[in-house]
Amino acid sequence: MARVQQSDVRNRLLKAMTSDDFALVQPHLQLVDLPIKYALIEPDIPVPHLYFLESGISSATMKGAEGHVEVGLAGWEGLSGAVPVLLGNDRIPHDNFMQVAGHGLRIGTEALCAAVEESPSLRTLLLRYVQTEFVQARQTAYVNATYTTELRLARWLLMCHDRVDGDDLPVKHEFLAVMLGVQRTGVTLALQVLEGAGRIRGRRGRITVTNRELLEQLAGDSYGAAEAEYARLIEGA
Amino acid sequence: MPRYFFNLRYGHGPDKLSVDPEGDELPDLNAVRMHALHSARDLIARSRTDAVRDWFVCSYEIEDEDCRQLLTVPFTDTVPDDGDDGTF
């Protein structure tokens, strides 16, 4: 099988690597399909592989007595498993699964650990990515404690829009309810508010972003800080 | 199991009805009512929205798959009537 070339990848971490660092991981990268519900990480067991997502969207969720709630979201900027593995650990108590199907480049945990042992610059890049996950999670905590369902939904839709081609987001209301930790009927109501203002259009099982600028205006300071931090840390923006 | 649709009434008139496009599968009307009360309590306790200033004016207008209206559950039903159990 032909090896993946750095010029062909979409993952923003792989793109941001020096060519020497990319060469360290390249022999170990395996292209895999990631169907919906595919588990990238299972809670409380050692992470066997890390996945550089090339397309699709994954969610880290917390499963508690009151059900599942999303605590983190990643797409082609992400590396699943980075938090435990880069911090010298092997597991986390949350699960992480695909919520929008896609594909990724998979690397074994041992191979990745060997690569970061060999290259301080690779370790630094991936630790910077770990910081972006913290920033996003803290932003989510702030938003959940502070804002209305409409505003939280606007942020979530923007985060998804950043991670798909085109303007269609294949999500059902029931799924959004889980992601936002809100009753489904509350999500439906909030979607109708956004739709009435011309920001989105809803269809069965799909939401289309029709006016991103209006969505960003509504989201205000709930959206953007974590995204800017990623650009600064990973891409030197 | 039959599927029930929990349309959310949050004011007067057709534009103040949030129509549920997905619904929930539940065994019977008693389960439907319990689900409506649970959902209403959660919205009252934890949700803030620009569309609803007062959750207690809201109700669920619940329909079956043939769009027959079966049951209305006012959000005020989440609060026990005065004197229900005689103690405070």
# chains A, B, ... in the order shown; residues from 1 in each chain; ligands from 1
call {"tool": "residues_around", "arguments": {"residues": "stretch 6-12 of chain A", "least_positions_apart": "2", "cutoff": "6 Å", "atoms": "only C-alpha atoms", "output": "PyMOL selection string"}}
result
chain A and resi 14-15+54+76-77
call {"tool": "write_last_selection", "arguments": {"atoms": "C-alpha atoms", "output": "PDB file, in the first residue's frame"}}
result
ATOM      1  CA  LEU A  14      -0.254  16.214  10.458  1.00  0.00           C
ATOM      2  CA  LYS A  15      -0.083  19.261   8.183  1.00  0.00           C
ATOM      3  CA  GLU A  54      -9.232  13.294   8.318  1.00  0.00           C
ATOM      4  CA  TRP A  76      -9.865  17.106  11.201  1.00  0.00           C
ATOM      5  CA  GLU A  77      -7.971  19.281  13.680  1.00  0.00           C
TER       6      GLU A  77
END
call {"tool": "select_by_dssp", "arguments": {"residues": "chain B", "states": "strand (DSSP E)", "output": "JSON, numbers by chain"}}
result
{"B": [3, 4, 5, 6, 7, 8, 9, 17, 18, 24, 25, 59, 60, 61, 62, 63, 69, 70, 71, 72, 73, 74]}
call {"tool": "write_last_selection", "arguments": {"atoms": "C-alpha atoms", "output": "PDB file, in the first residue's frame"}}
result
ATOM      1  CA  ARG B   3     -44.561   6.656  18.748  1.00  0.00           C
ATOM      2  CA  TYR B   4     -45.811   9.829  20.405  1.00  0.00           C
ATOM      3  CA  PHE B   5     -45.017  13.408  19.427  1.00  0.00           C
ATOM      4  CA  PHE B   6     -44.515  15.998  22.152  1.00  0.00           C
ATOM      5  CA  ASN B   7     -45.516  19.322  20.623  1.00  0.00           C
ATOM      6  CA  LEU B   8     -44.530  22.181  22.899  1.00  0.00           C
ATOM      7  CA  ARG B   9     -47.159  24.933  23.321  1.00  0.00           C
ATOM      8  CA  LEU B  17     -46.406  25.743  18.928  1.00  0.00           C
ATOM      9  CA  SER B  18     -43.071  23.962  18.523  1.00  0.00           C
ATOM     10  CA  ASP B  24     -40.541   9.043  21.342  1.00  0.00           C
ATOM     11  CA  GLU B  25     -41.563   5.396  21.470  1.00  0.00           C
ATOM     12  CA  SER B  59     -47.884  22.643  27.940  1.00  0.00           C
ATOM     13  CA  TYR B  60     -47.229  19.523  25.913  1.00  0.00           C
ATOM     14  CA  GLU B  61     -49.853  18.801  23.252  1.00  0.00           C
ATOM     15  CA  ILE B  62     -49.204  15.166  22.572  1.00  0.00           C
ATOM     16  CA  GLU B  63     -50.165  13.459  19.306  1.00  0.00           C
ATOM     17  CA  GLN B  69     -54.260  14.875  19.722  1.00  0.00           C
ATOM     18  CA  LEU B  70     -54.370  12.506  22.677  1.00  0.00           C
ATOM     19  CA  LEU B  71     -53.364  14.431  25.733  1.00  0.00           C
ATOM     20  CA  THR B  72     -52.423  17.893  26.973  1.00  0.00           C
ATOM     21  CA  VAL B  73     -50.003  18.084  29.888  1.00  0.00           C
ATOM     22  CA  PRO B  74     -49.658  21.596  31.334  1.00  0.00           C
TER      23      PRO B  74
END
call {"tool": "atom_distance", "arguments": {"atom1": "atom CA of A:Arg201", "atom2": "atom CA of A:Tyr223"}}
result
20.3 Å
call {"tool": "closest_atom_pairs", "arguments": {"of": "chain B", "to": "chain A", "cutoff": "8 Å", "atoms": "only C-alpha atoms", "output": "tab-separated table"}}
result
residue	atom	partner	partner_atom	distance
B:Phe6	CA	A:Thr185	CA	7.2
B:Asn7	CA	A:Thr185	CA	7.6
B:Leu8	CA	A:Thr185	CA	6.9
B:Ser18	CA	A:Leu189	CA	5.6
B:Val19	CA	A:Thr188	CA	7.8
B:Asp20	CA	A:Thr185	CA	6.7
B:Pro21	CA	A:Arg204	CA	7.7
B:Glu22	CA	A:His173	CA	7.5
B:Ser39	CA	A:Gln183	CA	6.4
B:Asp42	CA	A:Gln183	CA	7.2
B:Leu43	CA	A:Gln183	CA	6.7
B:Ser47	CA	A:Thr149	CA	6.8
B:Arg48	CA	A:Thr148	CA	4.8
B:Thr49	CA	A:Thr148	CA	5.0
B:Asp50	CA	A:Thr148	CA	7.0
B:Ala51	CA	A:Val193	CA	7.2
call {"tool": "write_last_selection", "arguments": {"atoms": "C-alpha atoms", "output": "PDB file, in the first residue's frame"}}
result
ATOM      1  CA  PHE B   6     -44.515  15.998  22.152  1.00  0.00           C
ATOM      2  CA  ASN B   7     -45.516  19.322  20.623  1.00  0.00           C
ATOM      3  CA  LEU B   8     -44.530  22.181  22.899  1.00  0.00           C
ATOM      4  CA  SER B  18     -43.071  23.962  18.523  1.00  0.00           C
ATOM      5  CA  VAL B  19     -43.918  20.841  16.537  1.00  0.00           C
ATOM      6  CA  ASP B  20     -41.938  17.738  17.490  1.00  0.00           C
ATOM      7  CA  PRO B  21     -40.684  16.089  14.261  1.00  0.00           C
ATOM      8  CA  GLU B  22     -39.084  13.018  15.891  1.00  0.00           C
ATOM      9  CA  SER B  39     -39.312  16.430  30.387  1.00  0.00           C
ATOM     10  CA  ASP B  42     -36.094  19.202  33.371  1.00  0.00           C
ATOM     11  CA  LEU B  43     -36.883  22.174  31.114  1.00  0.00           C
ATOM     12  CA  SER B  47     -33.177  25.276  30.479  1.00  0.00           C
ATOM     13  CA  ARG B  48     -32.975  28.905  29.560  1.00  0.00           C
ATOM     14  CA  THR B  49     -34.346  29.979  26.220  1.00  0.00           C
ATOM     15  CA  ASP B  50     -35.158  33.265  24.494  1.00  0.00           C
ATOM     16  CA  ALA B  51     -38.517  31.905  23.326  1.00  0.00           C
TER      17      ALA B  51
END
call {"tool": "select_by_dssp", "arguments": {"residues": "chain B", "states": "alpha helix (DSSP H)", "output": "PyMOL selection string"}}
result
chain B and resi 29-46
call {"tool": "write_last_selection", "arguments": {"atoms": "N, CA and C atoms", "output": "PDB file, in the first residue's frame"}}
result
ATOM      1  N   LEU B  29     -50.289   5.406  27.354  1.00  0.00           N
ATOM      2  CA  LEU B  29     -50.548   6.815  27.686  1.00  0.00           C
ATOM      3  C   LEU B  29     -50.044   7.199  29.068  1.00  0.00           C
ATOM      4  N   ASN B  30     -50.052   6.240  29.974  1.00  0.00           N
ATOM      5  CA  ASN B  30     -49.509   6.546  31.296  1.00  0.00           C
ATOM      6  C   ASN B  30     -48.013   6.874  31.200  1.00  0.00           C
ATOM      7  N   ALA B  31     -47.292   6.071  30.425  1.00  0.00           N
ATOM      8  CA  ALA B  31     -45.868   6.332  30.217  1.00  0.00           C
ATOM      9  C   ALA B  31     -45.671   7.663  29.486  1.00  0.00           C
ATOM     10  N   VAL B  32     -46.562   7.982  28.581  1.00  0.00           N
ATOM     11  CA  VAL B  32     -46.492   9.254  27.856  1.00  0.00           C
ATOM     12  C   VAL B  32     -46.598  10.423  28.838  1.00  0.00           C
ATOM     13  N   ARG B  33     -47.562  10.310  29.737  1.00  0.00           N
ATOM     14  CA  ARG B  33     -47.751  11.393  30.723  1.00  0.00           C
ATOM     15  C   ARG B  33     -46.537  11.525  31.649  1.00  0.00           C
ATOM     16  N   MET B  34     -45.995  10.410  32.100  1.00  0.00           N
ATOM     17  CA  MET B  34     -44.810  10.450  32.972  1.00  0.00           C
ATOM     18  C   MET B  34     -43.622  11.054  32.232  1.00  0.00           C
ATOM     19  N   HIS B  35     -43.480  10.679  30.958  1.00  0.00           N
ATOM     20  CA  HIS B  35     -42.385  11.233  30.153  1.00  0.00           C
ATOM     21  C   HIS B  35     -42.555  12.744  29.993  1.00  0.00           C
ATOM     22  N   ALA B  36     -43.794  13.182  29.747  1.00  0.00           N
ATOM     23  CA  ALA B  36     -44.061  14.614  29.580  1.00  0.00           C
ATOM     24  C   ALA B  36     -43.716  15.379  30.859  1.00  0.00           C
ATOM     25  N   LEU B  37     -44.090  14.831  32.006  1.00  0.00           N
ATOM     26  CA  LEU B  37     -43.818  15.507  33.281  1.00  0.00           C
ATOM     27  C   LEU B  37     -42.319  15.551  33.564  1.00  0.00           C
ATOM     28  N   HIS B  38     -41.628  14.452  33.268  1.00  0.00           N
ATOM     29  CA  HIS B  38     -40.177  14.420  33.472  1.00  0.00           C
ATOM     30  C   HIS B  38     -39.486  15.460  32.589  1.00  0.00           C
ATOM     31  N   SER B  39     -39.906  15.490  31.332  1.00  0.00           N
ATOM     32  CA  SER B  39     -39.312  16.430  30.387  1.00  0.00           C
ATOM     33  C   SER B  39     -39.603  17.872  30.806  1.00  0.00           C
ATOM     34  N   ALA B  40     -40.839  18.128  31.233  1.00  0.00           N
ATOM     35  CA  ALA B  40     -41.224  19.480  31.660  1.00  0.00           C
ATOM     36  C   ALA B  40     -40.417  19.907  32.890  1.00  0.00           C
ATOM     37  N   ARG B  41     -40.256  19.014  33.848  1.00  0.00           N
ATOM     38  CA  ARG B  41     -39.480  19.345  35.050  1.00  0.00           C
ATOM     39  C   ARG B  41     -38.049  19.702  34.685  1.00  0.00           C
ATOM     40  N   ASP B  42     -37.478  18.947  33.760  1.00  0.00           N
ATOM     41  CA  ASP B  42     -36.094  19.202  33.371  1.00  0.00           C
ATOM     42  C   ASP B  42     -35.967  20.560  32.661  1.00  0.00           C
ATOM     43  N   LEU B  43     -36.913  20.865  31.787  1.00  0.00           N
ATOM     44  CA  LEU B  43     -36.883  22.174  31.114  1.00  0.00           C
ATOM     45  C   LEU B  43     -37.015  23.302  32.138  1.00  0.00           C
ATOM     46  N   ILE B  44     -37.959  23.159  33.075  1.00  0.00           N
ATOM     47  CA  ILE B  44     -38.181  24.196  34.090  1.00  0.00           C
ATOM     48  C   ILE B  44     -36.910  24.393  34.928  1.00  0.00           C
ATOM     49  N   ALA B  45     -36.286  23.283  35.297  1.00  0.00           N
ATOM     50  CA  ALA B  45     -35.172  23.356  36.244  1.00  0.00           C
ATOM     51  C   ALA B  45     -33.872  23.823  35.585  1.00  0.00           C
ATOM     52  N   ARG B  46     -33.659  23.455  34.308  1.00  0.00           N
ATOM     53  CA  ARG B  46     -32.289  23.607  33.783  1.00  0.00           C
ATOM     54  C   ARG B  46     -32.175  24.395  32.487  1.00  0.00           C
TER      55      ARG B  46
END
call {"tool": "residues_around", "arguments": {"residues": "A:His68", "least_positions_apart": "4", "cutoff": "8 Å", "atoms": "only C-alpha atoms", "output": "list in words"}}
result
Thr61, Met62, Lys63, Gly64, Val178, Met179 and Gly181 of chain A
call {"tool": "decode", "arguments": {"residues": "stretch 24-58 of chain B", "atoms": "N, CA, C and O atoms", "output": "PDB file, in the first residue's frame"}}
result
ATOM      1  N   ASP B  24     -41.120  10.081  20.483  1.00  0.00           N
ATOM      2  CA  ASP B  24     -40.541   9.043  21.342  1.00  0.00           C
ATOM      3  C   ASP B  24     -41.432   7.817  21.327  1.00  0.00           C
ATOM      4  O   ASP B  24     -42.651   7.944  21.315  1.00  0.00           O
ATOM      5  N   GLU B  25     -40.798   6.648  21.363  1.00  0.00           N
ATOM      6  CA  GLU B  25     -41.563   5.396  21.470  1.00  0.00           C
ATOM      7  C   GLU B  25     -41.835   5.096  22.927  1.00  0.00           C
ATOM      8  O   GLU B  25     -40.911   5.041  23.735  1.00  0.00           O
ATOM      9  N   LEU B  26     -43.100   4.916  23.265  1.00  0.00           N
ATOM     10  CA  LEU B  26     -43.489   4.661  24.651  1.00  0.00           C
ATOM     11  C   LEU B  26     -44.613   3.627  24.664  1.00  0.00           C
ATOM     12  O   LEU B  26     -45.387   3.530  23.707  1.00  0.00           O
ATOM     13  N   PRO B  27     -44.733   2.851  25.759  1.00  0.00           N
ATOM     14  CA  PRO B  27     -45.683   1.735  25.762  1.00  0.00           C
ATOM     15  C   PRO B  27     -47.147   2.149  25.816  1.00  0.00           C
ATOM     16  O   PRO B  27     -47.991   1.528  25.169  1.00  0.00           O
ATOM     17  N   ASP B  28     -47.478   3.178  26.605  1.00  0.00           N
ATOM     18  CA  ASP B  28     -48.896   3.517  26.755  1.00  0.00           C
ATOM     19  C   ASP B  28     -49.037   4.971  27.214  1.00  0.00           C
ATOM     20  O   ASP B  28     -48.048   5.663  27.458  1.00  0.00           O
ATOM     21  N   LEU B  29     -50.289   5.406  27.354  1.00  0.00           N
ATOM     22  CA  LEU B  29     -50.548   6.815  27.686  1.00  0.00           C
ATOM     23  C   LEU B  29     -50.044   7.199  29.068  1.00  0.00           C
ATOM     24  O   LEU B  29     -49.665   8.344  29.297  1.00  0.00           O
ATOM     25  N   ASN B  30     -50.052   6.240  29.974  1.00  0.00           N
ATOM     26  CA  ASN B  30     -49.509   6.546  31.296  1.00  0.00           C
ATOM     27  C   ASN B  30     -48.013   6.874  31.200  1.00  0.00           C
ATOM     28  O   ASN B  30     -47.534   7.844  31.787  1.00  0.00           O
ATOM     29  N   ALA B  31     -47.292   6.071  30.425  1.00  0.00           N
ATOM     30  CA  ALA B  31     -45.868   6.332  30.217  1.00  0.00           C
ATOM     31  C   ALA B  31     -45.671   7.663  29.486  1.00  0.00           C
ATOM     32  O   ALA B  31     -44.706   8.391  29.756  1.00  0.00           O
ATOM     33  N   VAL B  32     -46.562   7.982  28.581  1.00  0.00           N
ATOM     34  CA  VAL B  32     -46.492   9.254  27.856  1.00  0.00           C
ATOM     35  C   VAL B  32     -46.598  10.423  28.838  1.00  0.00           C
ATOM     36  O   VAL B  32     -45.825  11.382  28.788  1.00  0.00           O
ATOM     37  N   ARG B  33     -47.562  10.310  29.737  1.00  0.00           N
ATOM     38  CA  ARG B  33     -47.751  11.393  30.723  1.00  0.00           C
ATOM     39  C   ARG B  33     -46.537  11.525  31.649  1.00  0.00           C
ATOM     40  O   ARG B  33     -46.079  12.633  31.929  1.00  0.00           O
ATOM     41  N   MET B  34     -45.995  10.410  32.100  1.00  0.00           N
ATOM     42  CA  MET B  34     -44.810  10.450  32.972  1.00  0.00           C
ATOM     43  C   MET B  34     -43.622  11.054  32.232  1.00  0.00           C
ATOM     44  O   MET B  34     -42.872  11.852  32.784  1.00  0.00           O
ATOM     45  N   HIS B  35     -43.480  10.679  30.958  1.00  0.00           N
ATOM     46  CA  HIS B  35     -42.385  11.233  30.153  1.00  0.00           C
ATOM     47  C   HIS B  35     -42.555  12.744  29.993  1.00  0.00           C
ATOM     48  O   HIS B  35     -41.587  13.502  30.114  1.00  0.00           O
ATOM     49  N   ALA B  36     -43.794  13.182  29.747  1.00  0.00           N
ATOM     50  CA  ALA B  36     -44.061  14.614  29.580  1.00  0.00           C
ATOM     51  C   ALA B  36     -43.716  15.379  30.859  1.00  0.00           C
ATOM     52  O   ALA B  36     -43.098  16.449  30.815  1.00  0.00           O
ATOM     53  N   LEU B  37     -44.090  14.831  32.006  1.00  0.00           N
ATOM     54  CA  LEU B  37     -43.818  15.507  33.281  1.00  0.00           C
ATOM     55  C   LEU B  37     -42.319  15.551  33.564  1.00  0.00           C
ATOM     56  O   LEU B  37     -41.790  16.574  34.005  1.00  0.00           O
ATOM     57  N   HIS B  38     -41.628  14.452  33.268  1.00  0.00           N
ATOM     58  CA  HIS B  38     -40.177  14.420  33.472  1.00  0.00           C
ATOM     59  C   HIS B  38     -39.486  15.460  32.589  1.00  0.00           C
ATOM     60  O   HIS B  38     -38.629  16.218  33.043  1.00  0.00           O
ATOM     61  N   SER B  39     -39.906  15.490  31.332  1.00  0.00           N
ATOM     62  CA  SER B  39     -39.312  16.430  30.387  1.00  0.00           C
ATOM     63  C   SER B  39     -39.603  17.872  30.806  1.00  0.00           C
ATOM     64  O   SER B  39     -38.720  18.740  30.771  1.00  0.00           O
ATOM     65  N   ALA B  40     -40.839  18.128  31.233  1.00  0.00           N
ATOM     66  CA  ALA B  40     -41.224  19.480  31.660  1.00  0.00           C
ATOM     67  C   ALA B  40     -40.417  19.907  32.890  1.00  0.00           C
ATOM     68  O   ALA B  40     -39.914  21.033  32.955  1.00  0.00           O
ATOM     69  N   ARG B  41     -40.256  19.014  33.848  1.00  0.00           N
ATOM     70  CA  ARG B  41     -39.480  19.345  35.050  1.00  0.00           C
ATOM     71  C   ARG B  41     -38.049  19.702  34.685  1.00  0.00           C
ATOM     72  O   ARG B  41     -37.469  20.640  35.218  1.00  0.00           O
ATOM     73  N   ASP B  42     -37.478  18.947  33.760  1.00  0.00           N
ATOM     74  CA  ASP B  42     -36.094  19.202  33.371  1.00  0.00           C
ATOM     75  C   ASP B  42     -35.967  20.560  32.661  1.00  0.00           C
ATOM     76  O   ASP B  42     -35.031  21.311  32.910  1.00  0.00           O
ATOM     77  N   LEU B  43     -36.913  20.865  31.787  1.00  0.00           N
ATOM     78  CA  LEU B  43     -36.883  22.174  31.114  1.00  0.00           C
ATOM     79  C   LEU B  43     -37.015  23.302  32.138  1.00  0.00           C
ATOM     80  O   LEU B  43     -36.274  24.291  32.090  1.00  0.00           O
ATOM     81  N   ILE B  44     -37.959  23.159  33.075  1.00  0.00           N
ATOM     82  CA  ILE B  44     -38.181  24.196  34.090  1.00  0.00           C
ATOM     83  C   ILE B  44     -36.910  24.393  34.928  1.00  0.00           C
ATOM     84  O   ILE B  44     -36.488  25.512  35.198  1.00  0.00           O
ATOM     85  N   ALA B  45     -36.286  23.283  35.297  1.00  0.00           N
ATOM     86  CA  ALA B  45     -35.172  23.356  36.244  1.00  0.00           C
ATOM     87  C   ALA B  45     -33.872  23.823  35.585  1.00  0.00           C
ATOM     88  O   ALA B  45     -33.067  24.514  36.213  1.00  0.00           O
ATOM     89  N   ARG B  46     -33.659  23.455  34.308  1.00  0.00           N
ATOM     90  CA  ARG B  46     -32.289  23.607  33.783  1.00  0.00           C
ATOM     91  C   ARG B  46     -32.175  24.395  32.487  1.00  0.00           C
ATOM     92  O   ARG B  46     -31.068  24.703  32.070  1.00  0.00           O
ATOM     93  N   SER B  47     -33.297  24.672  31.813  1.00  0.00           N
ATOM     94  CA  SER B  47     -33.177  25.276  30.479  1.00  0.00           C
ATOM     95  C   SER B  47     -33.506  26.757  30.501  1.00  0.00           C
ATOM     96  O   SER B  47     -34.493  27.167  31.093  1.00  0.00           O
ATOM     97  N   ARG B  48     -32.654  27.501  29.814  1.00  0.00           N
ATOM     98  CA  ARG B  48     -32.975  28.905  29.560  1.00  0.00           C
ATOM     99  C   ARG B  48     -33.108  29.086  28.059  1.00  0.00           C
ATOM    100  O   ARG B  48     -32.279  28.595  27.299  1.00  0.00           O
ATOM    101  N   THR B  49     -34.150  29.771  27.645  1.00  0.00           N
ATOM    102  CA  THR B  49     -34.346  29.979  26.220  1.00  0.00           C
ATOM    103  C   THR B  49     -34.943  31.358  25.984  1.00  0.00           C
ATOM    104  O   THR B  49     -35.672  31.885  26.835  1.00  0.00           O
ATOM    105  N   ASP B  50     -34.615  31.938  24.829  1.00  0.00           N
ATOM    106  CA  ASP B  50     -35.158  33.265  24.494  1.00  0.00           C
ATOM    107  C   ASP B  50     -36.646  33.193  24.188  1.00  0.00           C
ATOM    108  O   ASP B  50     -37.357  34.182  24.298  1.00  0.00           O
ATOM    109  N   ALA B  51     -37.129  32.014  23.793  1.00  0.00           N
ATOM    110  CA  ALA B  51     -38.517  31.905  23.326  1.00  0.00           C
ATOM    111  C   ALA B  51     -39.517  31.833  24.477  1.00  0.00           C
ATOM    112  O   ALA B  51     -40.680  32.152  24.304  1.00  0.00           O
ATOM    113  N   VAL B  52     -39.063  31.404  25.641  1.00  0.00           N
ATOM    114  CA  VAL B  52     -39.985  31.155  26.753  1.00  0.00           C
ATOM    115  C   VAL B  52     -39.512  31.922  27.985  1.00  0.00           C
ATOM    116  O   VAL B  52     -38.429  31.668  28.498  1.00  0.00           O
ATOM    117  N   ARG B  53     -40.362  32.877  28.433  1.00  0.00           N
ATOM    118  CA  ARG B  53     -39.999  33.611  29.654  1.00  0.00           C
ATOM    119  C   ARG B  53     -40.450  32.841  30.877  1.00  0.00           C
ATOM    120  O   ARG B  53     -39.835  32.895  31.928  1.00  0.00           O
ATOM    121  N   ASP B  54     -41.577  32.146  30.747  1.00  0.00           N
ATOM    122  CA  ASP B  54     -42.187  31.480  31.899  1.00  0.00           C
ATOM    123  C   ASP B  54     -42.598  30.076  31.473  1.00  0.00           C
ATOM    124  O   ASP B  54     -43.568  29.909  30.728  1.00  0.00           O
ATOM    125  N   TRP B  55     -41.857  29.086  31.947  1.00  0.00           N
ATOM    126  CA  TRP B  55     -42.179  27.708  31.562  1.00  0.00           C
ATOM    127  C   TRP B  55     -43.580  27.300  32.019  1.00  0.00           C
ATOM    128  O   TRP B  55     -44.197  26.406  31.454  1.00  0.00           O
ATOM    129  N   PHE B  56     -44.090  27.962  33.077  1.00  0.00           N
ATOM    130  CA  PHE B  56     -45.373  27.511  33.632  1.00  0.00           C
ATOM    131  C   PHE B  56     -46.586  27.895  32.790  1.00  0.00           C
ATOM    132  O   PHE B  56     -47.692  27.483  33.097  1.00  0.00           O
ATOM    133  N   VAL B  57     -46.371  28.670  31.725  1.00  0.00           N
ATOM    134  CA  VAL B  57     -47.491  28.887  30.790  1.00  0.00           C
ATOM    135  C   VAL B  57     -47.477  27.825  29.677  1.00  0.00           C
ATOM    136  O   VAL B  57     -48.373  27.793  28.843  1.00  0.00           O
ATOM    137  N   CYS B  58     -46.448  26.968  29.678  1.00  0.00           N
ATOM    138  CA  CYS B  58     -46.283  25.990  28.591  1.00  0.00           C
ATOM    139  C   CYS B  58     -47.081  24.714  28.867  1.00  0.00           C
ATOM    140  O   CYS B  58     -47.459  24.429  30.006  1.00  0.00           O
TER     141      CYS B  58
END
